[in-house]
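Asker: Dropping in model15.txt, with compact mmCIF, C-alpha atoms.
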```txt
# COMPACT_ATOMS: atom_id res chain seq x y z
CA MET U 1 -0.03 21.68 -2.97
CA LYS U 2 1.91 23.27 -0.16
CA THR U 3 2.38 21.41 3.10
CA ASN U 4 1.06 24.42 4.99
CA SER U 5 -2.27 23.93 3.19
CA VAL U 6 -2.68 20.49 4.77
CA ARG U 7 -5.27 20.65 7.55
CA TRP U 8 -3.49 18.50 10.08
CA GLY U 9 -6.35 18.32 12.55
CA ARG U 10 -8.65 17.11 9.81
CA VAL U 11 -6.08 14.54 8.74
CA ILE U 12 -5.98 13.03 12.22
CA VAL U 13 -9.76 13.05 12.71
CA ALA U 14 -10.41 11.61 9.25
CA GLY U 15 -7.75 8.96 9.71
CA LEU U 16 -8.93 7.87 13.14
CA LEU U 17 -12.59 7.74 12.16
CA ALA U 18 -11.78 5.81 8.98
CA ALA U 19 -9.64 3.36 10.96
CA ILE U 20 -12.37 2.66 13.51
CA ILE U 21 -15.11 2.17 10.92
CA ALA U 22 -12.91 -0.06 8.73
CA PHE U 23 -11.82 -2.04 11.80
CA VAL U 24 -15.43 -2.78 12.72
CA VAL U 25 -16.44 -3.68 9.16
CA GLU U 26 -13.38 -5.86 8.53
CA GLY U 27 -13.88 -7.50 11.91
CA MET U 28 -17.37 -8.48 10.84
CA LEU U 29 -16.13 -9.72 7.47
CA TYR U 30 -13.40 -11.87 9.00
CA GLY U 31 -15.75 -13.05 11.74
CA SER U 32 -18.12 -14.34 9.07
CA MET U 33 -15.19 -16.19 7.44
CA ASN U 34 -14.11 -18.22 10.48
CA GLY U 35 -15.42 -21.40 8.92
CA VAL U 36 -13.27 -20.86 5.84
CA TYR U 37 -10.10 -20.47 7.93
CA GLU U 38 -10.93 -23.39 10.20
CA GLY U 39 -11.39 -25.58 7.13
CA PHE U 40 -7.65 -25.32 6.47
CA GLY U 41 -6.69 -26.57 9.92
CA ASP U 42 -3.26 -25.52 11.19
CA LEU U 43 -1.74 -22.68 9.22
CA PRO U 44 2.05 -22.75 9.78
CA TYR U 45 2.56 -19.18 8.53
CA ALA U 46 0.04 -17.71 10.99
CA LYS U 47 1.49 -16.10 14.11
CA PRO U 48 -0.15 -17.61 17.20
CA VAL U 49 -2.37 -15.21 19.11
CA GLU U 50 -1.64 -15.46 22.83
CA SER U 51 -4.19 -12.86 23.91
CA VAL U 52 -7.11 -11.91 21.66
CA PRO U 53 -7.75 -8.52 23.38
CA ALA U 54 -4.06 -7.59 23.09
CA TYR U 55 -4.03 -8.66 19.45
CA LEU U 56 -7.15 -6.63 18.65
CA LEU U 57 -5.69 -3.61 20.44
CA GLN U 58 -2.46 -3.89 18.43
CA MET U 59 -4.45 -4.22 15.22
CA LEU U 60 -6.55 -1.16 16.07
CA ALA U 61 -3.60 0.97 17.21
CA GLY U 62 -1.41 0.01 14.27
CA GLY U 63 -4.29 0.34 11.86
CA ALA U 64 -5.13 3.78 13.23
CA ALA U 65 -1.57 5.03 12.79
CA LEU U 66 -1.43 3.72 9.24
CA THR U 67 -4.83 5.17 8.36
CA VAL U 68 -3.81 8.61 9.62
CA LEU U 69 -0.82 8.29 7.28
CA ILE U 70 -3.18 7.39 4.44
CA ALA U 71 -5.30 10.42 5.32
CA LEU U 72 -2.18 12.58 5.05
CA VAL U 73 -1.53 11.14 1.60
CA TYR U 74 -5.10 12.03 0.64
CA ALA U 75 -4.62 15.57 1.90
CA ILE U 76 -1.55 15.93 -0.31
CA ILE U 77 -2.89 14.43 -3.55
CA GLN U 78 -6.62 15.15 -3.43
CA GLU U 79 -6.38 18.01 -5.91
CA GLY U 80 -5.03 15.56 -8.47
CA LEU U 81 -7.85 13.06 -8.02
CA PRO U 82 -10.76 13.04 -10.44
CA GLY U 83 -14.23 14.02 -9.28
CA GLN U 84 -16.08 17.14 -8.25
CA LYS U 85 -17.75 15.77 -5.14
CA GLN U 86 -16.03 14.39 -2.06
CA TRP U 87 -17.41 10.88 -2.48
CA GLN U 88 -16.14 10.79 -6.07
CA LYS U 89 -12.65 11.76 -4.94
CA GLY U 90 -12.94 9.20 -2.16
CA LEU U 91 -13.85 6.49 -4.63
CA ALA U 92 -10.94 7.47 -6.88
CA PHE U 93 -8.64 7.39 -3.84
CA GLY U 94 -9.97 3.95 -2.91
CA VAL U 95 -9.23 2.65 -6.39
CA MET U 96 -5.77 4.18 -6.12
CA LEU U 97 -5.18 2.33 -2.83
CA LEU U 98 -6.37 -0.87 -4.47
CA VAL U 99 -3.85 -0.40 -7.26
CA LEU U 100 -0.98 0.74 -5.04
CA TYR U 101 -1.48 -1.66 -2.15
CA ALA U 102 -4.15 -4.35 -2.27
CA LEU U 103 -3.29 -5.88 -5.65
CA PRO U 104 0.51 -5.88 -5.19
CA THR U 105 0.08 -7.24 -1.66
CA ALA U 106 -2.03 -10.17 -2.89
CA PHE U 107 0.62 -10.98 -5.49
CA ASN U 108 3.54 -10.62 -3.09
CA THR U 109 1.77 -12.77 -0.49
CA TRP U 110 1.25 -15.50 -3.07
CA MET U 111 4.92 -15.31 -4.06
CA GLN U 112 6.36 -15.25 -0.55
CA ILE U 113 4.03 -16.77 2.04
CA ALA U 114 2.91 -20.38 2.17
CA GLN U 115 -0.72 -19.28 2.43
CA PRO U 116 -3.53 -21.12 0.57
CA VAL U 117 -4.72 -19.21 -2.49
CA THR U 118 -8.31 -19.22 -1.20
CA LEU U 119 -7.25 -17.32 1.90
CA ILE U 120 -5.13 -14.90 -0.15
CA LEU U 121 -8.25 -14.12 -2.21
CA VAL U 122 -10.44 -13.77 0.91
CA GLU U 123 -7.98 -11.32 2.41
CA ALA U 124 -7.63 -9.42 -0.87
CA VAL U 125 -11.40 -8.93 -1.05
CA ASN U 126 -11.67 -7.91 2.61
CA ARG U 127 -8.69 -5.60 2.30
CA THR U 128 -10.25 -3.97 -0.77
CA ILE U 129 -13.54 -3.39 1.05
CA GLY U 130 -11.65 -1.97 4.04
CA LEU U 131 -9.58 0.36 1.85
CA LEU U 132 -12.62 1.64 -0.06
CA ILE U 133 -14.37 2.39 3.23
CA GLN U 134 -11.30 4.16 4.59
CA ALA U 135 -10.90 6.19 1.42
CA LEU U 136 -14.55 7.29 1.35
CA VAL U 137 -14.58 8.23 5.05
CA ILE U 138 -11.32 10.15 4.73
CA ALA U 139 -12.55 12.03 1.68
CA MET U 140 -15.91 12.87 3.25
CA VAL U 141 -14.40 14.02 6.56
CA TYR U 142 -11.31 15.78 5.23
CA GLY U 143 -13.10 17.41 2.36
CA GLN U 144 -15.81 19.09 4.37
CA PRO U 145 -15.42 22.89 4.18
CA TYR U 146 -14.50 24.74 7.30
CA LEU U 147 -17.47 26.12 9.19
CA ALA U 148 -15.66 29.48 8.99
CA ASP U 149 -15.66 29.19 5.19
CA GLN U 150 -19.38 28.53 5.31
CA ALA U 151 -19.92 31.60 7.49
CA ARG U 152 -18.09 33.82 4.97
CA LYS U 153 -20.36 32.79 2.10
CA PRO U 154 -22.93 35.46 1.29
CA VAL U 155 -26.40 34.61 2.46
CA VAL U 156 -28.90 34.84 -0.35
CA ILE U 157 -32.38 35.76 0.82
CA MET Q 1 -7.04 15.60 -16.61
CA ALA Q 2 -5.29 14.15 -19.67
CA ILE Q 3 -2.78 11.35 -19.30
CA ASP Q 4 -0.02 10.81 -21.85
CA VAL Q 5 -0.51 7.05 -22.16
CA PHE Q 6 2.68 6.43 -24.13
CA ARG Q 7 4.92 8.25 -21.65
CA THR Q 8 3.14 6.58 -18.76
CA ILE Q 9 3.73 3.11 -20.19
CA MET Q 10 7.36 4.04 -20.92
CA GLY Q 11 7.73 5.24 -17.34
CA GLY Q 12 6.35 1.97 -16.02
CA VAL Q 13 8.59 -0.14 -18.25
CA VAL Q 14 11.76 1.83 -17.49
CA ALA Q 15 11.07 1.83 -13.74
CA SER Q 16 10.38 -1.91 -13.70
CA VAL Q 17 13.58 -2.75 -15.58
CA VAL Q 18 15.72 -0.42 -13.46
CA TRP Q 19 14.15 -1.77 -10.28
CA PHE Q 20 14.64 -5.38 -11.36
CA ILE Q 21 18.36 -4.70 -11.80
CA ILE Q 22 18.71 -2.75 -8.55
CA GLY Q 23 16.49 -5.21 -6.72
CA GLY Q 24 18.64 -8.06 -7.99
CA ALA Q 25 21.69 -6.39 -6.50
CA LEU Q 26 19.91 -5.65 -3.22
CA TYR Q 27 18.53 -9.17 -2.77
CA MET Q 28 21.22 -11.31 -4.30
CA ASN Q 29 24.30 -9.73 -2.77
CA PRO Q 30 26.22 -12.18 -0.55
CA LEU Q 31 25.05 -10.63 2.72
CA VAL Q 32 21.30 -10.70 2.00
CA ASP Q 33 21.48 -13.93 0.03
CA LYS Q 34 23.05 -15.64 3.04
CA ILE Q 35 20.20 -14.46 5.29
CA TYR Q 36 17.56 -15.72 2.87
CA LYS Q 37 19.22 -19.09 2.34
CA SER Q 38 19.96 -19.73 6.00
CA ASP Q 39 16.39 -19.16 7.15
CA ASP Q 40 14.31 -22.29 7.28
CA ASN Q 41 10.80 -21.12 8.02
CA SER Q 42 7.53 -22.85 7.26
CA ALA Q 43 5.88 -19.49 6.55
CA VAL Q 44 7.99 -18.95 3.46
CA ARG Q 45 6.76 -20.33 0.13
CA GLU Q 46 9.49 -22.26 -1.64
CA TRP Q 47 10.27 -21.87 -5.31
CA PRO Q 48 12.65 -24.64 -6.40
CA ASN Q 49 12.55 -23.40 -10.02
CA LEU Q 50 14.62 -20.19 -9.95
CA PRO Q 51 13.97 -19.06 -13.57
CA LYS Q 52 10.23 -19.42 -13.00
CA TYR Q 53 10.47 -17.46 -9.74
CA LEU Q 54 12.49 -14.68 -11.37
CA GLY Q 55 10.12 -14.57 -14.35
CA LEU Q 56 7.09 -14.22 -12.09
CA MET Q 57 8.83 -11.62 -9.93
CA PHE Q 58 9.63 -9.54 -13.00
CA ALA Q 59 6.24 -9.90 -14.66
CA GLY Q 60 4.10 -9.47 -11.56
CA GLY Q 61 6.36 -7.99 -8.94
CA ALA Q 62 8.03 -5.41 -11.13
CA LEU Q 63 6.44 -4.80 -14.55
CA ALA Q 64 2.73 -5.03 -13.65
CA GLN Q 65 3.23 -3.24 -10.36
CA TYR Q 66 5.26 -0.35 -11.75
CA MET Q 67 2.90 -0.02 -14.68
CA LEU Q 68 -0.05 0.44 -12.32
CA TRP Q 69 1.95 2.86 -10.18
CA ALA Q 70 2.93 4.83 -13.29
CA PHE Q 71 -0.72 5.46 -14.14
CA VAL Q 72 -1.43 6.58 -10.58
CA PHE Q 73 1.55 8.93 -10.78
CA ALA Q 74 0.31 10.34 -14.08
CA LEU Q 75 -3.06 10.99 -12.46
CA VAL Q 76 -1.86 12.75 -9.32
CA LYS Q 77 1.43 14.35 -10.40
CA SER Q 78 -0.10 17.80 -10.71
CA ALA Q 79 -0.87 17.71 -6.99
CA LEU Q 80 2.67 16.76 -5.96
CA PRO Q 81 4.86 19.57 -4.67
CA GLY Q 82 8.05 21.00 -6.06
CA GLY Q 83 10.14 20.38 -9.15
CA THR Q 84 10.67 17.12 -10.97
CA PHE Q 85 12.99 15.41 -8.50
CA LEU Q 86 10.94 16.45 -5.46
CA ARG Q 87 7.76 15.18 -7.10
CA GLY Q 88 9.44 11.84 -7.59
CA VAL Q 89 10.63 11.70 -3.99
CA THR Q 90 7.17 12.68 -2.74
CA PHE Q 91 5.55 9.95 -4.79
CA GLY Q 92 8.08 7.53 -3.34
CA LEU Q 93 6.97 8.63 0.13
CA VAL Q 94 3.34 8.11 -0.91
CA LEU Q 95 4.17 4.54 -1.93
CA ILE Q 96 5.98 3.94 1.36
CA ALA Q 97 2.99 5.30 3.30
CA VAL Q 98 0.28 3.32 1.50
CA LYS Q 99 2.14 0.12 0.68
CA ILE Q 100 5.45 -0.50 2.39
CA PHE Q 101 4.41 0.44 5.93
CA PRO Q 102 1.03 -1.38 5.84
CA ARG Q 103 2.58 -4.52 4.36
CA PHE Q 104 5.33 -4.53 6.99
CA PHE Q 105 2.78 -4.15 9.79
CA ASP Q 106 0.42 -6.82 8.41
CA MET Q 107 3.18 -9.36 7.91
CA TRP Q 108 4.74 -8.66 11.32
CA ILE Q 109 1.52 -8.89 13.30
CA GLN Q 110 -0.10 -11.81 11.52
CA THR Q 111 2.58 -14.11 10.17
CA THR Q 112 5.67 -15.94 11.29
CA TYR Q 113 7.56 -14.52 8.29
CA PRO Q 114 11.09 -13.93 9.62
CA ASN Q 115 11.66 -10.45 11.07
CA LYS Q 116 15.07 -10.13 9.40
CA LYS Q 117 13.46 -10.60 6.01
CA LEU Q 118 10.70 -8.14 6.88
CA VAL Q 119 13.29 -5.47 7.70
CA ILE Q 120 15.26 -6.20 4.52
CA GLU Q 121 12.09 -6.03 2.45
CA PHE Q 122 11.01 -2.81 4.17
CA ILE Q 123 14.33 -1.16 3.31
CA ASN Q 124 14.46 -2.55 -0.22
CA GLY Q 125 10.80 -1.77 -0.81
CA SER Q 126 11.42 1.83 0.24
CA ILE Q 127 14.38 2.07 -2.14
CA GLY Q 128 12.19 0.65 -4.90
CA SER Q 129 9.51 3.24 -4.11
CA PHE Q 130 11.95 6.12 -4.49
CA VAL Q 131 13.50 4.61 -7.63
CA GLY Q 132 10.06 4.30 -9.19
CA GLY Q 133 8.93 7.73 -8.08
CA VAL Q 134 11.96 9.54 -9.44
CA ILE Q 135 11.88 7.69 -12.76
CA PHE Q 136 8.18 8.44 -13.15
CA ALA Q 137 8.84 12.10 -12.43
CA TYR Q 138 11.43 12.38 -15.19
CA VAL Q 139 9.75 10.19 -17.80
CA ILE Q 140 6.01 10.81 -17.38
```
Just give me the structure of the file as structure tokens.
Answerer:
Amino acid sequence: MKTNSVRWGRVIVAGLLAAIIAFVVEGMLYGSMNGVYEGFGDLPYAKPVESVPAYLLQMLAGGAALTVLIALVYAIIQEGLPGQKQWQKGLAFGVMLLVLYALPTAFNTWMQIAQPVTLILVEAVNRTIGLLIQALVIAMVYGQPYLADQARKPVVI
Amino acid sequence: MAIDVFRTIMGGVVASVVWFIIGGALYMNPLVDKIYKSDDNSAVREWPNLPKYLGLMFAGGALAQYMLWAFVFALVKSALPGGTFLRGVTFGLVLIAVKIFPRFFDMWIQTTYPNKKLVIEFINGSIGSFVGGVIFAYVI
């Protein structure tokens, strides 16, 4: 891989699209879990949210920046991922993110934060689903051949 | 692609041991230790049994984690640029991008975990990422 072979425009588009889709899906997942969180009452480790719109905007903006970074990682390592088709590489990338991030994060959270284990597991599952979605979207968007490449292919009549 | 399982496991074990030693120095030096001990925050889980805490940190926080990372490195190393050292550094950057940054952001935006500790853990986590990456590159 050479850095000049990274398609930077594709990285940004793939990252942003993946971030938005994962944001919506994870929002629905967490929205469906409100009852679980409320069952624990006051959670001393949770940062109070003063403004829900501002919080959601921060989550989306921060998530978008991080997902573009993840898309860049995909662009760099995709040739090393198993699979012939884009969705296969995306799935492999999602499993890689699970191994590199979701699992260690669940463990580190349990070690360091006074968060109930049930909520750690809920967040690990939701995070995994979000990462798999991001990985698949990134792979499908980034991996699409250029239209110019398509135009150069010989047309068989 | 074929993975040399033995070398990969060796890479994970060596990286975890090296990191545990370096991490010990980074977290238990007087300056950082003072910050961790002085902070009384309800967000932080307490571990009164230090040997148990250290055992869990090694087993889960170092050995298991670096072992998983070693297999990922073995899988993607052919796609990483440059010679051995640069491949290790690049993998370290990959770890920072997919783990250290997201964890920092999540913890900062959602928890009352002390900011000083977040910064320390960001820096130390980044060092650990490069340590792991470079060791993987030379061993695996």
Asker: Looking at all atoms listed in the file, which of U:Met140, U:Ile70, U:Ala61, U:Val11 is the one that sits closest to chain Q?
Answerer: U:Ile70
Asker: Report as CSV: every residue of chain Q with an atom at most 6 Å from chain U, its closest pair of atoms, and their distance in Å to one decimal, counting all atoms listed in the file, with rows sorted by chain and ascending residue number.
Answerer:
```
residue,atom,partner,partner_atom,distance
Q:Ala43,CA,U:Tyr45,CA,3.9
Q:Val44,CA,U:Ile113,CA,4.7
Q:Arg45,CA,U:Ala114,CA,4.4
Q:Val76,CA,U:Gly80,CA,4.3
Q:Ser78,CA,U:Gly80,CA,5.9
Q:Ala79,CA,U:Gly80,CA,4.9
Q:Pro81,CA,U:Met1,CA,5.6
Q:Lys99,CA,U:Tyr101,CA,4.9
Q:Gln110,CA,U:Lys47,CA,5.3
Q:Thr111,CA,U:Ala46,CA,4.5
Q:Thr112,CA,U:Lys47,CA,5.0
```
Asker: Could you tell me how far CA of Gly92 in chain Q lies from CA of Pro30 in chain Q, in Å and to one decimal?
Answerer: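 Pair CA of Gly92 in chain Q / CA of Pro30 in chain Q returns 26.9 Å.
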Asker: Between CA of Val119 in chain Q and CA of Ile35 in chain Q, what is the distance in Å, rounded to a tenth?
Answerer: 11.6 Å
Asker: What separation in Å, quoted to one decimal, exists between CA of Leu57 in chain U and CA of Leu91 in chain U?
Answerer: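 Taking CA of Leu57 in chain U and CA of Leu91 in chain U, their separation equals 28.2 Å.
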Asker: Do a neighbour search on Lys85 in chain U at 9 Å with only C-alpha atoms, toss out local chain neighbours closer than 4 positions, and write the hits as a PyMOL selection string.
Answerer: chain U and resi 89-90+143
Asker: Can you tell me, as a PyMOL selection string, what residues are no more than 9 Å from Trp69 in chain Q when counting all atoms listed in the file, ignoring any on the same chain fewer than 5 positions away?
Answerer: (chain U and resi 96+99-100) or (chain Q and resi 12+64+74+95+132-133+136)
Asker: Just the residues within 12 Å of Leu86 in chain Q, please, counting all atoms listed in the file, with nothing from its chain fewer than 2 positions along; format it as a list in words.
Answerer: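 What passes the distance filter is Lys77, Ala79, Leu80, Pro81, Gly82, Gly83, Thr84, Gly88, Val89, Thr90, Phe91, Gly92, Leu93, Phe130, Gly133, Val134, Ile135, Phe136, Ala137 and Tyr138 of chain Q.
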Asker: Counting all atoms listed in the file, what is within 9 Å of Tyr66 in chain Q, bar same-chain residues fewer than 6 positions away, as a VMD selection string?
Answerer: chain Q and resid 11 to 16 132
Asker: Which neighbours of Ile9 in chain Q fall inside 9 Å, counting all atoms listed in the file, when residues of the same chain fewer than 6 positions from it are skipped, and could you give them as a PyMOL selection string?
Answerer: chain Q and resi 67+70-71+140
Asker: Rank nothing, just name the residue among U:Gln86, U:Asn126, U:Thr118, U:Ser51 nearest to Met28 in chain U, using all atoms listed in the file.
Answerer: U:Asn126
Asker: Closest to Gly83 in chain U among U:Val125, U:Ala18, U:Leu131, U:Ala139, using only C-alpha atoms?
Answerer: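 For Gly83 in chain U, the nearest of the candidates is U:Ala139.
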Asker: Missing atoms in range 76-98 of chain U: fill them in up to N, CA and C atoms and send the result as a compact mmCIF listing (two decimals), in the frame of the given file.
Answerer:
```txt
# COMPACT_ATOMS: atom_id res chain seq x y z
N ILE U 76 -2.57 15.43 0.61
CA ILE U 76 -1.55 15.93 -0.31
C ILE U 76 -1.99 15.81 -1.76
N ILE U 77 -2.62 14.69 -2.12
CA ILE U 77 -2.89 14.43 -3.55
C ILE U 77 -4.31 14.70 -4.00
N GLN U 78 -5.18 15.10 -3.09
CA GLN U 78 -6.62 15.15 -3.43
C GLN U 78 -6.91 16.04 -4.62
N GLU U 79 -6.12 17.12 -4.78
CA GLU U 79 -6.38 18.01 -5.91
C GLU U 79 -6.15 17.33 -7.24
N GLY U 80 -5.31 16.27 -7.23
CA GLY U 80 -5.03 15.56 -8.47
C GLY U 80 -6.02 14.45 -8.77
N LEU U 81 -6.90 14.16 -7.83
CA LEU U 81 -7.85 13.06 -8.02
C LEU U 81 -9.05 13.53 -8.82
N PRO U 82 -9.59 12.66 -9.66
CA PRO U 82 -10.76 13.04 -10.44
C PRO U 82 -12.00 13.12 -9.55
N GLY U 83 -12.97 13.92 -10.00
CA GLY U 83 -14.23 14.02 -9.28
C GLY U 83 -14.45 15.41 -8.74
N GLN U 84 -15.72 15.83 -8.77
CA GLN U 84 -16.08 17.14 -8.25
C GLN U 84 -16.55 17.05 -6.81
N LYS U 85 -17.19 15.94 -6.49
CA LYS U 85 -17.75 15.77 -5.14
C LYS U 85 -16.79 14.93 -4.30
N GLN U 86 -16.95 15.08 -2.97
CA GLN U 86 -16.03 14.39 -2.06
C GLN U 86 -16.10 12.88 -2.23
N TRP U 87 -17.32 12.33 -2.39
CA TRP U 87 -17.41 10.88 -2.48
C TRP U 87 -16.76 10.37 -3.78
N GLN U 88 -16.78 11.20 -4.82
CA GLN U 88 -16.14 10.79 -6.07
C GLN U 88 -14.62 10.74 -5.90
N LYS U 89 -14.10 11.76 -5.21
CA LYS U 89 -12.65 11.76 -4.94
C LYS U 89 -12.29 10.60 -4.02
N GLY U 90 -13.18 10.32 -3.06
CA GLY U 90 -12.94 9.20 -2.16
C GLY U 90 -12.91 7.88 -2.91
N LEU U 91 -13.82 7.73 -3.84
CA LEU U 91 -13.85 6.49 -4.63
C LEU U 91 -12.58 6.37 -5.47
N ALA U 92 -12.18 7.48 -6.08
CA ALA U 92 -10.94 7.47 -6.88
C ALA U 92 -9.75 7.12 -5.99
N PHE U 93 -9.73 7.67 -4.79
CA PHE U 93 -8.64 7.39 -3.84
C PHE U 93 -8.65 5.92 -3.45
N GLY U 94 -9.85 5.37 -3.26
CA GLY U 94 -9.97 3.95 -2.91
C GLY U 94 -9.44 3.06 -4.03
N VAL U 95 -9.75 3.42 -5.26
CA VAL U 95 -9.23 2.65 -6.39
C VAL U 95 -7.70 2.78 -6.45
N MET U 96 -7.21 3.97 -6.13
CA MET U 96 -5.77 4.18 -6.12
C MET U 96 -5.10 3.29 -5.06
N LEU U 97 -5.72 3.19 -3.89
CA LEU U 97 -5.18 2.33 -2.83
C LEU U 97 -5.22 0.86 -3.25
N LEU U 98 -6.26 0.50 -3.96
CA LEU U 98 -6.37 -0.87 -4.47
C LEU U 98 -5.19 -1.18 -5.39
```
